[in-house]
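Participant: Got a structure for you, coords32.txt, holding compact mmCIF, C-alpha atoms.
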```txt
# COMPACT_ATOMS: atom_id res chain seq x y z
CA MET A 1 -268.52 -49.80 -145.55
CA PHE A 2 -265.86 -47.38 -146.74
CA LYS A 3 -263.39 -50.27 -146.88
CA LEU A 4 -265.25 -51.39 -149.97
CA PHE A 5 -264.16 -48.27 -151.77
CA HIS A 6 -260.58 -49.40 -151.88
CA PRO A 7 -259.81 -48.87 -155.58
CA ASN A 8 -257.69 -52.01 -155.97
CA LYS A 9 -260.59 -54.20 -154.91
CA ILE A 10 -263.13 -52.40 -157.07
CA PHE A 11 -260.66 -52.46 -159.93
CA GLN A 12 -260.62 -56.25 -159.83
CA ILE A 13 -264.38 -56.23 -160.35
CA THR A 14 -264.59 -53.46 -162.93
CA SER A 15 -261.87 -54.94 -165.10
CA LYS A 16 -263.43 -58.41 -165.22
CA ALA A 17 -267.17 -57.78 -165.04
CA PRO A 18 -267.73 -56.02 -168.42
CA LYS A 19 -267.36 -59.17 -170.53
CA TYR A 20 -270.00 -61.00 -168.47
CA VAL A 21 -272.30 -58.00 -168.55
CA LEU A 22 -271.79 -57.70 -172.31
CA PHE A 23 -272.74 -61.35 -172.78
CA LEU A 24 -275.85 -60.94 -170.63
CA PHE A 25 -276.75 -57.73 -172.48
CA VAL A 26 -276.54 -59.42 -175.88
CA VAL A 27 -278.72 -62.32 -174.67
CA VAL A 28 -281.37 -60.12 -173.07
CA LEU A 29 -281.37 -57.69 -176.00
CA SER A 30 -281.89 -60.51 -178.52
CA VAL A 31 -284.80 -61.87 -176.50
CA GLY A 32 -286.19 -58.36 -176.07
CA LEU A 33 -285.94 -57.44 -179.74
CA THR A 34 -287.46 -60.73 -180.86
CA GLU A 35 -290.35 -60.16 -178.47
CA ALA A 36 -290.75 -56.49 -179.38
CA LEU A 37 -290.36 -56.69 -183.15
CA ILE A 38 -291.71 -60.13 -184.04
CA LEU A 39 -293.65 -61.95 -181.31
CA SER A 40 -295.61 -59.12 -179.72
CA PRO A 41 -298.94 -58.20 -181.32
CA GLU A 42 -299.54 -54.97 -183.18
CA ASP A 43 -301.65 -52.29 -181.56
CA TYR A 44 -305.36 -52.05 -182.38
CA LYS A 45 -305.00 -48.39 -183.28
CA GLN A 46 -301.43 -47.56 -184.28
CA SER A 47 -300.58 -51.06 -185.61
CA ASP A 48 -296.82 -51.51 -186.05
CA ALA A 49 -295.90 -48.00 -184.89
CA VAL A 50 -296.37 -49.32 -181.34
CA ARG A 51 -293.04 -51.13 -181.66
CA ILE A 52 -291.18 -47.83 -181.36
CA MET A 53 -292.54 -47.69 -177.81
CA TYR A 54 -290.38 -50.67 -176.81
CA VAL A 55 -287.30 -48.52 -177.34
CA HIS A 56 -288.75 -45.13 -176.45
CA VAL A 57 -290.18 -45.88 -173.01
CA PRO A 58 -287.23 -47.87 -171.56
CA ALA A 59 -284.80 -45.22 -172.87
CA ALA A 60 -286.81 -42.47 -171.17
CA TRP A 61 -287.07 -44.42 -167.90
CA ILE A 62 -283.36 -45.11 -167.78
CA SER A 63 -282.32 -41.56 -168.60
CA LEU A 64 -284.54 -40.34 -165.74
CA GLY A 65 -283.23 -43.04 -163.40
CA ILE A 66 -279.61 -42.24 -164.18
CA PHE A 67 -280.10 -38.52 -163.70
CA SER A 68 -281.68 -39.15 -160.31
CA SER A 69 -278.77 -41.43 -159.40
CA ILE A 70 -276.07 -38.94 -160.41
CA THR A 71 -277.88 -36.25 -158.42
CA PHE A 72 -278.00 -38.46 -155.34
CA LEU A 73 -274.33 -39.42 -155.78
CA SER A 74 -273.18 -35.85 -156.38
CA ILE A 75 -275.04 -34.52 -153.34
CA SER A 76 -273.69 -37.37 -151.19
CA GLY A 77 -270.20 -36.73 -152.55
CA PHE A 78 -270.55 -33.04 -151.79
CA ILE A 79 -271.85 -33.55 -148.26
CA PHE A 80 -269.43 -36.30 -147.24
CA LYS A 81 -266.50 -35.01 -149.33
CA ASN A 82 -266.12 -38.36 -151.02
CA LYS A 83 -264.39 -38.35 -154.39
CA ASN A 84 -265.54 -41.84 -155.26
CA PHE A 85 -269.22 -40.80 -155.43
CA PHE A 86 -268.31 -38.17 -158.02
CA LEU A 87 -266.39 -40.70 -160.11
CA ILE A 88 -269.36 -43.09 -160.08
CA ALA A 89 -271.69 -40.25 -161.08
CA LYS A 90 -269.32 -39.18 -163.86
CA SER A 91 -269.18 -42.74 -165.21
CA LEU A 92 -272.97 -43.11 -165.16
CA ALA A 93 -273.80 -39.89 -166.98
CA PRO A 94 -272.84 -40.70 -170.62
CA SER A 95 -275.26 -43.61 -171.02
CA GLY A 96 -278.04 -41.57 -169.40
CA PHE A 97 -277.45 -38.80 -171.92
CA VAL A 98 -277.45 -41.23 -174.83
CA PHE A 99 -280.76 -42.76 -173.68
CA ASN A 100 -282.24 -39.30 -173.26
CA ILE A 101 -281.39 -38.49 -176.89
CA ILE A 102 -282.74 -41.89 -178.00
CA ALA A 103 -286.03 -41.16 -176.18
CA LEU A 104 -286.35 -37.78 -177.91
CA VAL A 105 -285.49 -39.11 -181.37
CA THR A 106 -287.72 -42.21 -181.19
CA GLY A 107 -290.53 -40.04 -179.79
CA SER A 108 -290.18 -37.79 -182.79
CA ILE A 109 -290.23 -40.73 -185.21
CA TRP A 110 -293.35 -42.06 -183.46
CA GLY A 111 -295.00 -38.64 -183.36
CA LYS A 112 -294.96 -38.12 -187.11
CA PRO A 113 -297.21 -41.07 -188.07
CA THR A 114 -299.43 -40.97 -184.97
CA TRP A 115 -299.84 -37.32 -184.01
CA GLY A 116 -299.00 -35.88 -187.40
CA THR A 117 -296.03 -33.83 -186.26
CA TRP A 118 -292.33 -34.40 -185.57
CA TRP A 119 -292.19 -32.03 -182.66
CA ALA A 120 -294.60 -30.29 -180.30
CA TRP A 121 -293.71 -27.81 -177.59
CA ASP A 122 -295.81 -29.59 -175.02
CA ALA A 123 -294.81 -29.89 -171.38
CA ARG A 124 -293.55 -33.49 -171.49
CA ILE A 125 -291.44 -33.10 -174.61
CA THR A 126 -290.01 -29.73 -173.61
CA SER A 127 -289.11 -30.89 -170.10
CA MET A 128 -287.39 -33.94 -171.58
CA LEU A 129 -285.38 -31.64 -173.84
CA ILE A 130 -284.41 -29.59 -170.78
CA LEU A 131 -283.17 -32.79 -169.13
CA ALA A 132 -280.95 -33.43 -172.16
CA LEU A 133 -279.55 -29.91 -171.81
CA PHE A 134 -278.75 -30.56 -168.14
CA TYR A 135 -277.01 -33.80 -169.10
CA ALA A 136 -274.99 -31.89 -171.69
CA MET A 137 -274.02 -29.21 -169.16
CA TYR A 138 -273.04 -31.90 -166.68
CA LEU A 139 -270.85 -33.73 -169.17
CA ILE A 140 -269.24 -30.57 -170.51
CA SER A 141 -268.43 -29.22 -167.06
CA TRP A 142 -266.31 -32.31 -166.39
CA ARG A 143 -264.18 -31.36 -169.37
CA ILE A 144 -263.77 -27.62 -168.96
CA TYR A 145 -262.58 -27.36 -165.36
CA GLU A 146 -259.06 -28.35 -164.42
CA SER A 147 -259.42 -28.25 -160.66
CA GLU A 148 -261.22 -31.21 -159.14
CA GLU A 149 -262.68 -29.16 -156.32
CA LYS A 150 -264.35 -26.87 -158.85
CA VAL A 151 -265.71 -29.71 -160.98
CA PHE A 152 -267.25 -31.38 -157.95
CA LYS A 153 -269.03 -28.20 -156.91
CA ILE A 154 -270.22 -27.23 -160.38
CA THR A 155 -271.51 -30.69 -161.28
CA THR A 156 -273.32 -30.95 -157.94
CA LEU A 157 -275.00 -27.62 -158.60
CA ILE A 158 -276.00 -28.69 -162.12
CA THR A 159 -277.57 -31.92 -160.84
CA ILE A 160 -279.44 -30.06 -158.08
CA LEU A 161 -280.83 -27.61 -160.63
CA GLY A 162 -281.68 -30.45 -162.98
CA ILE A 163 -283.35 -32.73 -160.46
CA VAL A 164 -286.19 -30.22 -159.96
CA ASN A 165 -287.09 -30.93 -163.58
CA VAL A 166 -287.41 -34.70 -163.05
CA PRO A 167 -290.77 -34.71 -161.18
CA ILE A 168 -291.99 -32.14 -163.72
CA ILE A 169 -291.23 -34.61 -166.51
CA LYS A 170 -293.02 -37.40 -164.64
CA TYR A 171 -296.16 -35.44 -163.76
CA SER A 172 -296.32 -33.02 -166.71
CA VAL A 173 -298.86 -35.26 -168.43
CA ASP A 174 -301.12 -35.24 -165.35
CA TRP A 175 -300.79 -31.59 -164.36
CA TRP A 176 -301.36 -29.96 -167.74
CA ASN A 177 -303.00 -30.64 -171.06
CA THR A 178 -300.27 -32.19 -173.16
CA LEU A 179 -300.16 -33.81 -176.55
CA HIS A 180 -298.18 -36.64 -174.98
CA GLN A 181 -300.39 -39.35 -173.50
CA PRO A 182 -300.40 -40.02 -169.73
CA ALA A 183 -298.54 -42.97 -168.26
CA SER A 184 -299.82 -46.42 -169.26
CA ILE A 185 -298.03 -48.25 -166.50
CA ASN A 186 -299.09 -47.54 -162.96
CA ILE A 187 -297.67 -49.22 -159.93
CA LEU A 188 -300.66 -48.55 -157.70
CA SER A 189 -303.55 -48.92 -160.14
CA LYS A 190 -304.26 -51.10 -163.13
CA SER A 191 -302.02 -50.54 -166.14
CA SER A 192 -303.65 -49.63 -169.42
CA ILE A 193 -301.19 -51.63 -171.47
CA HIS A 194 -301.99 -55.22 -172.38
CA SER A 195 -299.76 -57.86 -170.77
CA SER A 196 -298.61 -59.12 -174.20
CA MET A 197 -297.09 -55.67 -174.75
CA LEU A 198 -295.90 -55.09 -171.19
CA PHE A 199 -293.67 -58.16 -171.25
CA PRO A 200 -291.40 -57.08 -174.16
CA LEU A 201 -291.31 -53.59 -172.67
CA LEU A 202 -289.91 -54.91 -169.41
CA ILE A 203 -287.34 -57.11 -171.18
CA MET A 204 -286.16 -54.16 -173.26
CA THR A 205 -285.87 -52.12 -170.06
CA ALA A 206 -283.67 -54.85 -168.57
CA ALA A 207 -281.55 -54.89 -171.74
CA PHE A 208 -281.04 -51.11 -171.68
CA ALA A 209 -280.25 -51.20 -167.97
CA LEU A 210 -277.57 -53.81 -168.69
CA PHE A 211 -276.18 -51.60 -171.44
CA SER A 212 -275.94 -48.70 -169.00
CA LEU A 213 -274.24 -50.98 -166.49
CA LEU A 214 -271.75 -52.07 -169.15
CA ILE A 215 -270.84 -48.52 -170.18
CA PHE A 216 -270.69 -47.54 -166.51
CA LEU A 217 -268.25 -50.35 -165.65
CA MET A 218 -265.99 -49.46 -168.56
CA LYS A 219 -266.00 -45.74 -167.75
CA TYR A 220 -265.51 -46.35 -164.06
CA ASN A 221 -262.64 -48.69 -164.81
CA THR A 222 -260.93 -45.91 -166.75
CA GLU A 223 -261.45 -43.50 -163.85
CA LEU A 224 -259.86 -46.00 -161.47
CA ILE A 225 -256.89 -46.42 -163.78
CA LYS A 226 -256.44 -42.65 -163.76
CA VAL A 227 -256.51 -42.66 -159.95
CA LYS A 228 -253.94 -45.47 -159.85
CA ASN A 229 -251.68 -43.69 -162.32
CA LYS A 230 -251.55 -40.72 -160.02
CA GLY A 231 -249.97 -43.10 -157.52
CA LEU A 232 -252.75 -42.88 -155.02
CA ASP A 233 -253.77 -46.07 -153.31
CA ARG A 234 -256.96 -44.67 -151.86
CA LEU A 235 -259.62 -42.30 -153.06
CA MET B 1 -271.82 -38.71 -135.36
CA TYR B 2 -271.05 -36.53 -138.37
CA GLY B 3 -268.96 -33.39 -138.18
CA ARG B 4 -270.36 -29.89 -138.06
CA LYS B 5 -269.23 -29.18 -141.64
CA VAL B 6 -271.06 -32.24 -142.93
CA LYS B 7 -274.28 -31.12 -141.25
CA LEU B 8 -273.88 -27.61 -142.63
CA ARG B 9 -273.30 -28.89 -146.16
CA PHE B 10 -276.39 -31.06 -145.83
CA LEU B 11 -278.43 -28.06 -144.66
CA PHE B 12 -277.00 -26.03 -147.55
CA VAL B 13 -278.17 -28.58 -150.15
CA VAL B 14 -281.60 -28.88 -148.53
CA LEU B 15 -282.03 -25.08 -148.56
CA ILE B 16 -281.04 -24.82 -152.23
CA LEU B 17 -283.51 -27.59 -153.10
CA ILE B 18 -286.41 -26.03 -151.17
CA THR B 19 -285.75 -22.63 -152.74
CA LEU B 20 -285.57 -24.09 -156.22
CA ILE B 21 -288.72 -26.17 -155.83
CA LEU B 22 -290.70 -23.20 -154.50
CA THR B 23 -289.41 -20.90 -157.25
CA THR B 24 -290.18 -23.43 -159.98
CA PHE B 25 -293.62 -24.02 -158.53
CA LEU B 26 -294.43 -20.30 -158.49
CA VAL B 27 -293.09 -19.74 -162.00
CA LEU B 28 -295.02 -22.68 -163.44
CA LYS B 29 -298.16 -21.68 -161.57
CA SER B 30 -298.10 -18.19 -163.02
CA LEU B 31 -297.24 -19.46 -166.50
CA GLU B 32 -299.88 -22.18 -166.49
CA GLU B 33 -301.66 -20.69 -169.51
CA ASN B 34 -298.53 -21.08 -171.59
CA VAL B 35 -297.51 -24.46 -170.25
CA VAL B 36 -300.71 -26.18 -171.35
CA TYR B 37 -300.51 -27.41 -174.91
CA PHE B 38 -304.19 -26.91 -175.66
CA GLN B 39 -307.42 -25.63 -174.14
CA SER B 40 -310.62 -27.59 -173.77
CA PRO B 41 -313.94 -26.39 -175.26
CA SER B 42 -315.13 -25.51 -171.73
CA GLU B 43 -312.11 -23.29 -171.21
CA ILE B 44 -312.81 -21.59 -174.56
CA LYS B 45 -316.41 -20.98 -173.49
CA ALA B 46 -315.21 -19.42 -170.28
CA LEU B 47 -312.85 -16.97 -172.04
CA SER B 48 -313.72 -13.39 -171.14
CA GLU B 49 -312.52 -12.09 -174.50
CA LEU B 50 -311.63 -13.83 -177.71
CA ASP B 51 -307.96 -14.06 -178.49
CA LYS B 52 -306.77 -13.00 -181.92
CA LYS B 53 -303.67 -15.15 -181.47
CA LYS B 54 -303.24 -18.66 -182.76
CA ILE B 55 -304.48 -21.12 -180.14
CA ARG B 56 -304.97 -24.86 -179.78
CA VAL B 57 -308.19 -26.57 -178.84
CA GLY B 58 -308.22 -30.18 -177.75
CA GLY B 59 -310.69 -32.85 -176.76
CA MET B 60 -312.55 -35.77 -178.27
CA VAL B 61 -313.91 -35.85 -181.81
CA LYS B 62 -317.65 -36.15 -181.26
CA LYS B 63 -319.28 -39.35 -182.55
CA ASP B 64 -320.85 -38.98 -186.02
CA SER B 65 -319.71 -35.40 -186.34
CA ILE B 66 -317.12 -35.68 -189.11
CA LEU B 67 -318.28 -34.21 -192.39
CA ILE B 68 -315.95 -34.40 -195.35
CA ASN B 69 -316.77 -32.06 -198.19
CA SER B 70 -314.29 -32.26 -201.09
CA ASN B 71 -311.13 -31.25 -199.19
CA GLU B 72 -312.75 -29.45 -196.29
CA VAL B 73 -313.27 -31.38 -193.07
CA LYS B 74 -315.76 -30.32 -190.43
CA PHE B 75 -316.08 -31.92 -187.05
CA ILE B 76 -316.97 -31.16 -183.45
CA ILE B 77 -314.51 -31.23 -180.55
CA THR B 78 -316.15 -32.10 -177.27
CA ASP B 79 -315.04 -32.48 -173.67
CA PHE B 80 -318.47 -33.97 -172.83
CA LYS B 81 -319.54 -30.66 -171.27
CA ASN B 82 -319.08 -28.17 -174.07
CA GLU B 83 -318.50 -28.44 -177.80
CA ILE B 84 -316.81 -26.44 -180.48
CA ASN B 85 -317.22 -26.67 -184.26
CA VAL B 86 -314.04 -26.97 -186.25
CA SER B 87 -313.47 -26.51 -189.95
CA TYR B 88 -310.20 -27.52 -191.53
CA THR B 89 -308.59 -27.89 -194.93
CA GLY B 90 -305.52 -30.03 -195.37
CA ALA B 91 -303.90 -33.33 -194.54
CA ILE B 92 -305.41 -35.42 -191.75
CA PRO B 93 -303.24 -37.60 -189.48
CA ASN B 94 -303.88 -41.36 -189.69
CA LEU B 95 -305.19 -41.63 -186.16
CA PHE B 96 -307.81 -38.94 -186.59
CA GLU B 97 -311.06 -40.74 -185.80
CA GLU B 98 -314.43 -40.26 -184.21
CA GLY B 99 -314.41 -40.80 -180.47
CA LYS B 100 -310.64 -40.26 -180.27
CA GLY B 101 -308.52 -37.41 -179.01
CA VAL B 102 -307.60 -34.51 -181.26
CA VAL B 103 -305.78 -31.20 -181.00
CA ALA B 104 -306.61 -28.47 -183.52
CA GLU B 105 -304.38 -25.44 -184.02
CA GLY B 106 -305.82 -22.26 -185.52
CA PHE B 107 -308.00 -19.24 -184.85
CA LEU B 108 -311.29 -18.75 -183.05
CA LYS B 109 -314.04 -17.19 -185.12
CA ASP B 110 -316.33 -17.00 -182.14
CA ARG B 111 -316.96 -19.12 -179.07
CA ASN B 112 -318.52 -21.91 -181.13
CA PHE B 113 -316.52 -21.86 -184.34
CA PHE B 114 -312.87 -22.59 -184.80
CA SER B 115 -310.93 -22.44 -188.01
CA ALA B 116 -308.03 -24.88 -187.84
CA SER B 117 -304.81 -24.63 -189.81
CA LYS B 118 -303.32 -27.85 -188.42
CA ILE B 119 -304.73 -30.99 -186.86
CA LEU B 120 -302.90 -33.39 -184.57
CA ALA B 121 -304.28 -36.72 -183.42
CA LYS B 122 -303.88 -37.31 -179.71
CA HIS B 123 -303.12 -40.86 -178.76
CA ASP B 124 -304.46 -42.18 -175.47
CA GLU B 125 -302.62 -44.36 -172.97
CA ASN B 126 -304.34 -47.61 -173.99
CA TYR B 127 -302.20 -50.21 -175.70
CA MET B 128 -303.70 -53.55 -176.70
CA PRO B 129 -303.79 -56.03 -179.56
CA PRO B 130 -306.76 -55.83 -181.98
CA GLU B 131 -308.30 -59.09 -180.69
CA VAL B 132 -308.50 -57.69 -177.17
CA LYS B 133 -310.08 -54.50 -178.46
CA GLN B 134 -312.67 -56.56 -180.32
CA ALA B 135 -313.42 -58.64 -177.24
CA LEU B 136 -313.84 -55.46 -175.22
CA GLY B 137 -316.15 -54.04 -177.86
CA GLU B 138 -318.40 -57.09 -177.80
CA LYS B 139 -318.93 -56.89 -174.06
```
The structure in this file should be written as structure tokens.
Facilitator:
Amino acid sequence: MFKLFHPNKIFQITSKAPKYVLFLFVVVLSVGLTEALILSPEDYKQSDAVRIMYVHVPAAWISLGIFSSITFLSISGFIFKNKNFFLIAKSLAPSGFVFNIIALVTGSIWGKPTWGTWWAWDARITSMLILALFYAMYLISWRIYESEEKVFKITTLITILGIVNVPIIKYSVDWWNTLHQPASINILSKSSIHSSMLFPLLIMTAAFALFSLLIFLMKYNTELIKVKNKGLDRL
Amino acid sequence: MYGRKVKLRFLFVVLILITLILTTFLVLKSLEENVVYFQSPSEIKALSELDKKKIRVGGMVKKDSILINSNEVKFIITDFKNEINVSYTGAIPNLFEEGKGVVAEGFLKDRNFFSASKILAKHDENYMPPEVKQALGEK
């Protein structure tokens, strides 16, 4: 399995794949936006404001998913002393941070017409803001430490501290009274979102996931070039 | 199969995680009052003493309870066990409706009367097109 991590082989993939991923992203995003903004019905209660949800929810999902992934990768990298895991985590983080900010901003834009406020210090919104702060700490710590050993340890610690917050984000709406509504989509029980609205939501999620993949491949490619420039043929 | 160091590092991470989860749990448990965004009418009823601080009360707007008098709005927040009367002057959010969720921020006059300085509409988790809502209503 560790043979796969030979940078020259991965480099061949990461340098060619982005253009195909970009093409796929543009196609899926166009379908998704057409569905979300034009074809899907308006909500019975919030009418067109519901369309913000097609950006808000996928962005939130992906930022949570990416944070969980970088935590898993950092811990694995720390335990097995594998540099490659850290480089993958580092390349994933920026798009997760961007989607976290998008989720907060679109939530705020949606909150004003529906709730009547831009911001509320409720458990879901505050915990999501804390996640953004952890992302920021993670990204900054890659820039401020010169020694690789140090960066690996510090970023692992930041992800471990941050991951405790992830289940709090997920269950905040069930554990406490929050202004934010509980989840509409449940894997085990019936979802409370109509199928005509679920479909564009899933397409938009696929589009955002492809965007993250695209940014990841480009970032990871750069990291591999850096490794190659140092004259190392293995990680 | 793995070296001793690898096992120790694994144990180290697991211990940090357990400690963090337990600490967070304890902190949140003891701060529960401040973590909740609003209290329900039943919780207000159960208060041992009335708070002079600004608080939030949330629940459903009771059916046929909204009274609009020039620019003063009166309505009843219910959690289907207890109720609380709310009076409010100011702008109302679009989604404020009878039978829908609401959060009122303000001061308690007594256990039954609440003077709100801000009203937020709480949206529920149901998303559907108007036709579906109509069909559901006819059933």
Participant: Compile a residue-level contact table for chain A against chain B at a cut-off of 7 Å, reporting for every qualifying residue the shortest atom pair and its distance in Å to one decimal, with all atoms listed in the file counted, rows ordered by chain and ascending number, as CSV.
Facilitator:
```
residue,atom,partner,partner_atom,distance
A:Pro41,CA,B:Pro129,CA,5.6
A:Glu42,CA,B:Pro129,CA,5.7
A:Asp43,CA,B:Pro129,CA,4.8
A:Tyr44,CA,B:Pro130,CA,4.1
A:Ile79,CA,B:Arg9,CA,5.3
A:Phe80,CA,B:Val6,CA,6.1
A:Pro113,CA,B:Asn94,CA,6.9
A:Thr114,CA,B:Leu95,CA,5.9
A:Trp115,CA,B:Ala121,CA,4.5
A:Gly116,CA,B:Pro93,CA,5.0
A:Asp122,CA,B:Tyr37,CA,5.2
A:Ala123,CA,B:Val35,CA,6.2
A:Ile160,CA,B:Leu17,CA,6.9
A:Val164,CA,B:Ile21,CA,6.3
A:Trp176,CA,B:Val36,CA,5.3
A:Asn177,CA,B:Val36,CA,5.0
A:Thr178,CA,B:Tyr37,CA,5.1
A:Leu179,CA,B:Lys122,CA,6.0
A:Gln181,CA,B:Asp124,CA,5.3
A:Pro182,CA,B:Glu125,CA,5.9
A:Ala183,CA,B:Glu125,CA,6.4
A:Ser184,CA,B:Glu125,CA,5.1
A:Ser192,CA,B:Asn126,CA,5.0
A:Ile193,CA,B:Tyr127,CA,4.6
A:His194,CA,B:Met128,CA,4.9
```
Participant: Which value, in Å to one decimal, gives the distance between CA of Ala89 (chain A) and CA of Ile154 (chain A)?
Facilitator: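 A separation of 13.1 Å between them.
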Participant: Could you please determine the separation between CA of Phe216 (chain A) and CA of Ser95 (chain A) in Å, to one decimal place?
Facilitator: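 Separation of CA of Phe216 (chain A) and CA of Ser95 (chain A): 7.5 Å.
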Participant: Closest to Val55 (chain A) among A:Ser195, A:Ser74, A:Thr205, A:Ser189, using all atoms listed in the file?
Facilitator: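 Among the listed residues, A:Thr205 lies closest to Val55 (chain A).
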Participant: Counting all atoms listed in the file, which residues sit no farther than 12 Å from the position (-279.9, -53.5, -167.0) in the file's frame? I'd like them as an MDAnalysis selection string.
Facilitator: chainID A and resid 21:22 24:29 58:59 61:62 65:66 95 202:216
Participant: Would you compute the distance between CA of Ile185 (chain A) and CA of Tyr135 (chain A)? Give it in Å to one decimal.
Facilitator: 25.6 Å
Participant: Ranking A:Leu131, A:Leu33, A:Ile125, A:Ala60 by minimum distance to Gly162 (chain A) and counting all atoms listed in the file, which one comes first?
Facilitator: A:Leu131
Participant: So that I can check the surroundings of Ser69 (chain A), please list as JSON, numbers by chain every protein, DNA and RNA residue that reaches within 12 Å of it, counting only C-alpha atoms and ignoring chain neighbours fewer than 3 positions away.
Facilitator: {"A": [62, 63, 64, 65, 66, 72, 73, 74, 75, 76, 77, 85, 86, 88, 89, 90, 91, 92, 93, 96, 156, 159, 160, 162, 163, 166]}
Participant: Find the residues around Ala49 (chain A) up to 7 Å (only C-alpha atoms counted), leave out those fewer than 3 positions away in its own chain, and share them as a PDB file with C-alpha atoms, keeping the file's coordinate frame.
Facilitator:
```pdb
ATOM      1  CA  GLN A  46    -301.430 -47.560-184.280  1.00  0.00           C
ATOM      2  CA  ILE A  52    -291.180 -47.830-181.360  1.00  0.00           C
ATOM      3  CA  TRP A 110    -293.350 -42.060-183.460  1.00  0.00           C
TER       4      TRP A 110
END
```
